[in-house]
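Raw query_13.cif, mmCIF, C-alpha atoms:
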```
data_upload
loop_
_atom_site.label_atom_id
_atom_site.label_comp_id
_atom_site.auth_asym_id
_atom_site.auth_seq_id
_atom_site.Cartn_x
_atom_site.Cartn_y
_atom_site.Cartn_z
CA MET A 5 -18.67 10.20 49.11
CA THR A 6 -17.21 13.55 50.14
CA LEU A 7 -16.80 14.96 46.63
CA LEU A 8 -20.00 13.51 45.13
CA PRO A 9 -22.39 16.01 46.85
CA ILE A 10 -20.42 18.92 45.40
CA LEU A 11 -20.82 17.58 41.87
CA ILE A 12 -24.50 16.67 42.38
CA MET A 13 -25.49 20.07 43.75
CA PHE A 14 -24.09 21.84 40.71
CA THR A 15 -26.55 19.78 38.66
CA ARG A 16 -29.69 20.59 40.67
CA ILE A 17 -30.03 22.41 43.98
CA ASP A 18 -32.96 20.23 45.08
CA THR A 19 -30.49 17.36 45.42
CA VAL A 20 -30.05 18.73 48.95
CA ILE A 21 -33.30 16.87 49.65
CA PHE A 22 -31.97 13.72 48.00
CA LEU A 23 -28.65 13.77 49.86
CA GLY A 24 -30.46 14.37 53.15
CA ILE A 25 -32.67 11.34 52.54
CA VAL A 26 -29.62 9.21 51.66
CA PHE A 27 -27.94 10.22 54.93
CA LEU A 28 -31.02 9.48 57.06
CA VAL A 29 -31.77 6.11 55.44
CA ASP A 30 -28.12 5.09 55.74
CA LEU A 31 -28.09 6.17 59.39
CA PHE A 32 -31.13 4.08 60.31
CA TRP A 33 -30.13 1.14 58.10
CA ASN A 34 -26.53 0.76 59.30
CA ARG A 35 -26.92 2.33 62.76
CA LYS A 36 -23.79 4.46 62.37
CA ILE A 37 -22.87 7.93 61.22
CA ARG A 38 -20.83 8.27 58.05
CA TRP A 39 -18.90 11.46 58.59
CA SER A 40 -17.91 11.56 54.93
CA TYR A 41 -21.62 12.15 54.13
CA ILE A 42 -21.79 15.05 56.60
CA PHE A 43 -18.57 16.69 55.39
CA GLY A 44 -19.63 16.13 51.77
CA GLY A 45 -22.99 17.78 52.41
CA ILE A 46 -21.41 20.79 54.12
CA LEU A 47 -18.86 21.22 51.34
CA GLY A 48 -21.58 20.80 48.72
CA VAL A 49 -23.74 23.55 50.21
CA LEU A 50 -20.78 25.89 50.72
CA SER A 51 -19.46 25.34 47.20
CA THR A 52 -22.88 25.99 45.66
CA LEU A 53 -23.42 29.18 47.67
CA ALA A 54 -19.87 30.32 46.87
CA PHE A 55 -20.47 29.73 43.17
CA ASN A 56 -23.67 31.79 43.33
CA TRP A 57 -21.81 34.60 45.04
CA PHE A 58 -18.83 34.75 42.68
CA TYR A 59 -20.76 34.09 39.45
CA PHE A 60 -24.14 35.77 40.09
CA GLY A 61 -23.11 38.16 42.87
CA GLU A 62 -25.71 36.73 45.25
CA VAL A 63 -25.85 33.85 47.72
CA VAL A 64 -29.33 32.73 46.66
CA ASN A 65 -29.93 32.35 42.94
CA ASN A 66 -32.03 35.18 41.49
CA THR A 67 -34.48 32.71 39.96
CA ILE A 68 -35.55 31.61 43.44
CA THR A 69 -35.63 35.17 44.78
CA ALA A 70 -37.66 36.54 41.86
CA LYS A 71 -40.30 33.81 41.86
CA LYS A 72 -40.70 33.92 45.63
CA LEU A 73 -41.11 37.70 45.53
CA LEU A 74 -43.82 37.68 42.87
CA TYR A 75 -45.69 34.45 43.54
CA GLU A 76 -45.64 34.40 47.34
CA GLN A 77 -49.07 35.09 48.78
CA GLN A 78 -51.01 34.56 51.98
CA LEU A 79 -53.71 31.94 51.45
CA THR A 80 -56.45 30.65 53.71
CA PHE A 81 -56.74 26.92 54.42
CA GLY A 82 -59.58 26.70 51.92
CA GLU A 83 -57.50 28.40 49.22
CA HIS A 84 -54.58 26.06 49.95
CA PHE A 85 -56.91 23.08 49.59
CA ASP A 86 -58.42 24.39 46.34
CA TYR A 87 -54.93 24.92 44.94
CA PHE A 88 -54.01 21.36 45.91
CA LEU A 89 -57.04 19.92 44.12
CA VAL A 90 -56.44 21.95 40.97
CA SER A 91 -52.75 20.96 40.87
CA PHE A 92 -53.19 17.37 42.06
CA GLY A 93 -52.52 15.97 38.60
CA ASN A 94 -49.09 17.61 38.55
CA PHE A 95 -48.07 16.24 41.93
CA TRP A 96 -48.74 12.50 41.48
CA GLY A 97 -50.32 12.42 38.04
CA MET A 98 -48.32 9.93 36.02
CA LEU A 99 -51.18 10.24 33.54
CA LYS A 100 -52.92 13.61 33.82
CA VAL A 101 -56.50 14.11 32.70
CA PRO A 102 -58.49 17.37 32.59
CA GLY A 103 -60.23 18.49 35.76
CA ALA A 104 -59.37 19.05 39.41
CA PHE A 105 -59.87 15.41 40.44
CA ASN A 106 -57.96 12.67 38.69
CA PRO A 107 -59.16 9.15 39.63
CA ILE A 108 -56.36 7.54 37.61
CA THR A 109 -53.82 9.38 39.74
CA VAL A 110 -55.42 8.08 42.94
CA ILE A 111 -55.41 4.49 41.68
CA VAL A 112 -51.76 4.70 40.62
CA LEU A 113 -50.76 6.31 43.92
CA ILE A 114 -52.48 3.61 46.00
CA PHE A 115 -50.94 0.84 43.90
CA GLU A 116 -47.48 2.41 44.33
CA LEU A 117 -47.91 2.39 48.12
CA LEU A 118 -49.16 -1.22 48.16
CA CYS A 119 -46.22 -2.39 46.02
CA PHE A 120 -43.75 -0.54 48.25
CA ILE A 121 -45.20 -2.08 51.43
CA TYR A 122 -45.13 -5.53 49.83
CA LEU A 123 -41.48 -5.22 48.81
CA ILE A 124 -40.03 -3.88 52.07
CA ARG A 125 -41.43 -6.59 54.34
CA GLN A 126 -38.02 -8.25 54.39
CA ARG A 127 -34.68 -6.63 55.07
CA GLU A 128 -32.89 -7.00 51.74
CA LYS A 129 -30.07 -4.97 50.22
CA ARG A 130 -32.41 -3.92 47.43
CA ASN A 131 -34.73 -2.28 49.96
CA TYR A 132 -31.97 0.09 51.11
CA PHE A 133 -32.12 1.83 47.75
CA LEU A 134 -35.90 1.42 47.53
CA TRP A 135 -36.34 3.32 50.81
CA ILE A 136 -34.09 6.11 49.49
CA ILE A 137 -35.87 6.70 46.19
CA PHE A 138 -39.38 6.27 47.60
CA ILE A 139 -38.90 8.61 50.56
CA PHE A 140 -37.12 11.12 48.32
CA GLY A 141 -40.05 11.04 45.89
CA TRP A 142 -42.53 11.79 48.66
CA ALA A 143 -40.30 14.37 50.36
CA LYS A 144 -39.72 16.33 47.16
CA GLN A 145 -43.41 16.26 46.27
CA ILE A 146 -44.47 17.56 49.69
CA ILE A 147 -41.76 20.25 49.90
CA PHE A 148 -42.46 21.55 46.41
CA ILE A 149 -46.23 21.48 47.01
CA SER A 150 -45.80 23.49 50.22
CA GLN A 151 -43.80 26.11 48.30
CA LYS A 152 -46.48 26.37 45.57
CA SER A 153 -44.15 25.30 42.78
CA LEU A 154 -46.21 25.91 39.68
CA PHE A 155 -44.57 23.94 36.89
CA ASP A 156 -45.35 20.29 36.26
CA TRP A 157 -41.79 19.41 35.22
CA TYR A 158 -40.66 19.89 38.83
CA TYR A 159 -42.56 16.69 39.59
CA TRP A 160 -41.43 14.41 36.77
CA VAL A 161 -38.47 12.87 38.63
CA PRO A 162 -40.38 12.03 41.84
CA GLN A 163 -43.28 10.70 39.76
CA LEU A 164 -40.91 8.22 38.12
CA LEU A 165 -39.19 7.31 41.37
CA LEU A 166 -42.49 6.66 43.13
CA PHE A 167 -43.40 4.26 40.34
CA VAL A 168 -40.20 2.20 40.73
CA PRO A 169 -41.77 -0.15 43.36
CA VAL A 170 -44.46 -1.06 40.81
CA LEU A 171 -41.85 -2.01 38.22
CA ILE A 172 -39.84 -4.05 40.75
CA PHE A 173 -42.98 -5.75 42.01
CA VAL A 174 -44.00 -6.82 38.51
CA LEU A 175 -40.52 -7.97 37.47
CA GLU A 176 -40.02 -10.04 40.62
CA GLN A 177 -43.22 -12.03 40.26
CA LYS A 178 -42.29 -15.70 39.89
CA GLU A 179 -45.80 -16.81 39.06
CA ARG A 180 -47.95 -15.20 36.40
CA ARG A 181 -45.21 -12.72 35.52
CA ASN A 182 -46.38 -12.56 31.92
CA LEU A 183 -49.89 -11.72 33.10
CA TRP A 184 -48.60 -8.89 35.33
CA LEU A 185 -46.41 -7.56 32.52
CA SER A 186 -49.31 -7.67 30.08
CA LEU A 187 -51.56 -5.76 32.48
CA LEU A 188 -48.82 -3.19 33.09
CA ILE A 189 -48.28 -2.69 29.36
CA ILE A 190 -51.97 -2.50 28.48
CA PHE A 191 -53.22 -0.35 31.34
CA TYR A 192 -50.19 1.83 32.00
CA ILE A 193 -47.27 1.80 29.56
CA VAL A 194 -49.31 2.12 26.35
CA PRO A 195 -51.64 4.88 27.69
CA MET A 196 -48.68 6.69 29.26
CA LEU A 197 -46.66 6.48 26.03
CA ALA A 198 -49.60 7.74 24.01
CA PHE A 199 -50.26 10.60 26.42
CA GLN A 200 -46.62 11.69 26.62
CA THR A 201 -46.28 11.53 22.83
CA ILE A 202 -49.34 13.74 22.33
CA HIS A 203 -48.26 16.05 25.15
CA SER A 204 -44.72 16.45 23.76
CA ILE A 205 -45.84 17.07 20.18
CA ALA A 206 -48.52 19.57 21.25
CA THR A 207 -46.12 21.40 23.59
CA GLY A 208 -43.47 21.51 20.88
CA ASN A 209 -45.98 23.06 18.51
CA GLY A 210 -46.95 25.64 21.11
CA GLU A 211 -43.35 26.64 21.74
CA TRP A 212 -41.69 26.34 18.32
CA ASN A 213 -44.52 27.05 15.89
CA TYR A 214 -46.35 29.59 18.07
CA ARG A 215 -44.24 31.45 20.64
CA ARG A 216 -41.20 31.47 18.37
CA THR A 217 -43.22 33.17 15.61
CA ILE A 218 -43.93 36.07 17.98
CA GLY A 219 -40.20 36.53 18.44
CA THR A 220 -39.42 36.25 14.73
CA PHE A 221 -42.19 38.75 13.92
CA LEU A 222 -40.65 41.28 16.31
CA ASN A 223 -37.19 40.55 14.98
CA GLN A 224 -38.28 41.49 11.48
CA TYR A 225 -40.53 44.37 12.53
CA GLU A 226 -38.14 46.18 14.90
CA LYS A 227 -34.67 46.84 13.49
CA ASP A 228 -33.41 48.76 16.53
CA LYS A 229 -32.35 46.01 18.93
CA ASN A 230 -31.79 48.50 21.74
CA GLN A 231 -35.54 48.83 22.22
CA TRP A 232 -37.20 47.23 25.26
CA ILE A 233 -40.10 44.80 25.53
CA LEU A 234 -42.04 44.06 28.73
CA LEU A 235 -43.56 40.60 28.78
CA GLU A 236 -44.10 37.48 30.81
CA PRO A 237 -41.03 35.21 31.04
CA ALA A 238 -41.64 33.49 27.71
CA GLY A 239 -38.10 32.52 26.68
CA TYR A 240 -38.68 31.98 22.98
CA VAL A 241 -40.10 35.47 22.42
CA PRO A 242 -37.24 37.65 23.73
CA TYR A 243 -34.59 35.26 22.38
CA PHE A 244 -35.83 35.33 18.80
CA SER A 245 -36.86 38.99 18.89
CA GLY A 246 -33.36 40.16 19.80
CA LEU A 247 -34.84 42.98 21.88
CA LYS A 248 -33.84 44.04 25.37
CA THR A 249 -36.15 42.33 27.83
CA ILE A 250 -38.00 43.30 30.98
CA ASP A 251 -39.69 40.12 32.19
CA GLU A 252 -42.58 40.45 34.62
CA VAL A 253 -41.02 38.08 37.17
CA GLY A 254 -37.63 39.78 37.25
CA LEU A 255 -35.55 36.78 36.20
CA VAL A 256 -33.42 38.79 33.78
CA ASP A 257 -34.20 42.33 34.91
CA LYS A 258 -33.85 42.99 38.64
CA GLN A 259 -35.24 46.53 38.45
CA ILE A 260 -38.75 45.16 38.25
CA GLN A 261 -38.19 43.41 41.58
CA GLU A 262 -37.88 46.82 43.21
CA GLU A 263 -41.25 47.81 41.74
CA ILE A 264 -42.77 44.62 43.14
CA LYS A 265 -41.38 45.42 46.60
CA LYS A 266 -42.76 48.96 46.50
CA ASP A 267 -46.21 48.16 45.11
CA LYS A 268 -46.89 44.55 44.19
CA THR A 269 -50.44 45.25 43.02
CA ASN A 270 -49.43 47.96 40.53
CA TYR A 271 -45.87 46.95 39.69
CA TRP A 272 -46.65 46.29 35.99
CA ILE A 273 -48.20 49.69 35.25
CA ASN A 274 -45.58 51.44 37.39
CA THR A 275 -42.83 49.75 35.36
CA VAL A 276 -44.53 50.83 32.12
CA LYS A 277 -44.81 54.45 33.29
CA ASN A 278 -41.28 54.68 34.68
CA ARG A 279 -39.35 52.85 31.97
CA LYS A 280 -41.62 53.36 28.93
CA PRO A 281 -40.75 50.17 27.02
CA LYS A 282 -41.53 50.39 23.32
CA TYR A 283 -43.35 47.04 23.28
CA LEU A 284 -45.72 45.30 25.67
CA LEU A 285 -46.68 41.66 25.24
CA SER A 286 -49.58 40.70 27.49
CA TYR A 287 -52.03 37.83 27.77
CA GLN A 288 -54.60 40.38 28.91
CA ASN A 289 -56.49 43.07 27.03
CA LEU A 290 -54.75 46.20 28.34
CA TYR A 291 -57.54 48.41 26.97
CA GLU A 292 -59.78 47.06 29.70
CA GLY A 293 -59.37 47.60 33.45
CA LYS A 294 -58.44 50.48 35.72
CA ASN A 295 -55.35 51.53 33.71
CA ALA A 296 -57.07 51.32 30.33
CA ASP A 297 -56.93 55.09 29.73
CA TYR A 298 -53.15 55.18 30.06
CA TYR A 299 -52.63 52.25 27.68
CA GLN A 300 -55.07 53.64 25.13
CA THR A 301 -53.26 56.99 25.20
CA HIS A 302 -49.68 55.77 24.99
CA TYR A 303 -49.89 52.36 23.26
CA LYS A 304 -51.68 50.96 20.27
CA LEU A 305 -52.48 47.32 19.56
CA LEU A 306 -49.94 46.19 16.99
CA LYS A 307 -50.88 42.55 16.56
CA GLU A 308 -52.93 39.78 18.15
CA PHE A 309 -51.41 36.32 18.50
CA ARG A 310 -53.85 33.47 19.01
CA VAL A 311 -53.20 29.80 19.68
CA LYS A 312 -56.11 28.80 17.41
CA ASP A 313 -54.24 30.25 14.43
CA HIS A 314 -51.38 27.77 14.87
CA LEU A 315 -53.28 24.49 14.99
CA LYS A 316 -53.12 23.69 11.29
CA SER A 317 -50.61 21.38 9.65
CA ASP A 318 -50.11 19.70 6.30
CA ASN A 319 -49.81 16.48 8.28
CA LYS A 320 -53.35 15.53 9.26
CA ILE A 321 -52.22 13.43 12.23
CA LEU A 322 -50.25 16.35 13.67
CA GLU A 323 -53.18 18.67 13.08
CA LYS A 324 -55.46 16.35 15.07
CA ILE A 325 -52.93 16.30 17.93
CA TYR A 326 -52.59 20.10 17.88
CA ASN A 327 -56.38 20.49 18.11
CA LEU A 328 -56.71 17.74 20.70
CA LYS A 329 -54.35 19.47 23.11
CA PRO A 330 -53.75 23.13 22.14
CA SER A 331 -50.64 24.48 23.84
CA GLY A 332 -49.86 28.13 24.50
CA THR A 333 -51.41 31.40 25.64
CA ASP A 334 -53.19 34.07 23.62
CA TYR A 335 -51.17 37.32 23.49
CA ASN A 336 -51.71 40.96 22.56
CA LEU A 337 -48.71 42.93 21.31
CA TYR A 338 -48.72 46.70 21.91
CA ILE A 339 -46.35 49.39 20.60
CA ARG A 340 -45.70 52.79 22.19
CA VAL A 341 -47.01 55.72 20.14
CA ASP A 342 -45.35 58.69 21.92
#
```

Please re-express this file's structure in structure tokens.
Amino acid sequence: MTLLPILIMFTRIDTVIFLGIVFLVDLFWNRKIRWSYIFGGILGVLSTLAFNWFYFGEVVNNTITAKKLLYEQQLTFGEHFDYFLVSFGNFWGMLKVPGAFNPITVIVLIFELLCFIYLIRQREKRNYFLWIIFIFGWAKQIIFISQKSLFDWYYWVPQLLLFVPVLIFVLEQKERRNLWLSLLIIFYIVPMLAFQTIHSIATGNGEWNYRRTIGTFLNQYEKDKNQWILLEPAGYVPYFSGLKTIDEVGLVDKQIQEEIKKDKTNYWINTVKNRKPKYLLSYQNLYEGKNADYYQTHYKLLKEFRVKDHLKSDNKILEKIYNLKPSGTDYNLYIRVD
């Protein structure tokens, strides 16, 4: 129990939440403090911070620092609430549908709570672990929501854990178990499997057949791999282009973080003027807006990349999936002319 937290934290840092929940549930369940948990937690945190310092040269991982620096913003209560509604499907949406309000998510969430309440009415050994995973699921959701975590994959694990009480409830039914299983399969498992299959195939097309082609185009077009490209943090593009990368968040290039600190509103154009990267990849039309004159003078549009141009396939089923759920962002690629 002392060494396990060290190993877990090297896997994912948000396991601090999980280990904290384990400690609290164990404390209330057994009415005693397990000092091995406390020492393990302290050693786990210290070892993770020490690793960051010796390997990255910083106590807090740059990924966290960079995203907090760029994405942090002061929002009103109304803006917080609007953000919550727009992102609601990511937080508890086992099956996400378009739009800000997802009735399926609400139904699943209520059913999860009812199943959890039904199962924990008696003090059983099983419920010790059920309390841990259910509270962890809720805690991680709330903490990540409060920090405006933008990516839906942050919520996959808690989504699954919150659904565990439903699975246990169905499997433990002594009467009409087959009916419960049939309802679960028809109304949840089959739709979920279909959705995730479509989602995975469409996302794979957007990444491999679309973003990757931008990188391979640049790789063939630009032979000097010492040239720089400024772009959003789209991993496939810089990897396959082979060019030196300035990403707009500052994940791989910390110099841009200094520009964000000095002038967050104009950090992009300031970076372009100061460092003069040969290529710019933007999901905006840089020839429009307040800095249009500068871009028109120093950069020309080299190529447009559009999602709609990558929705065709020799396989008609795949083509239908690609068109049903297009994945990706339209980009404009600019090259410096002076």

Original post:
What does the distance between CA of Gly246 in chain A and CA of Thr220 in chain A come to in Å, to one decimal place?
Top reply: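 Result for CA of Gly246 in chain A versus CA of Thr220 in chain A: 8.8 Å, one decimal.
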
Subject >> Residues matched by the PyMOL selection byres ((chain A and resi 47-52) around 10), written as an NGL selection string >> reply: :A and (6-14 or 17 or 20 or 41-46 or 53-57 or 63-65)

Original post:
Which neighbours of range 121-130 of chain A fall inside 9 Å, counting all atoms listed in the file, when residues of the same chain fewer than 5 positions from it are skipped, and could you give them as a ChimeraX atom specification?
Top reply: /A:116,135,169,172-173

Original post:
How would you write, as an NGL selection string, the residues chosen by the PyMOL selection byres ((chain A and resi 299) around 12) on this structure?
Top reply: :A and (272-273 or 276-277 or 280 or 283-284 or 286 or 289-298 or 300-305 or 337-342)

Original post:
Using all atoms listed in the file, which residue out of A:Glu176, A:Asp257, A:Asp313, A:Glu62 lies closest to Trp232 in chain A?
Top reply: A:Asp257
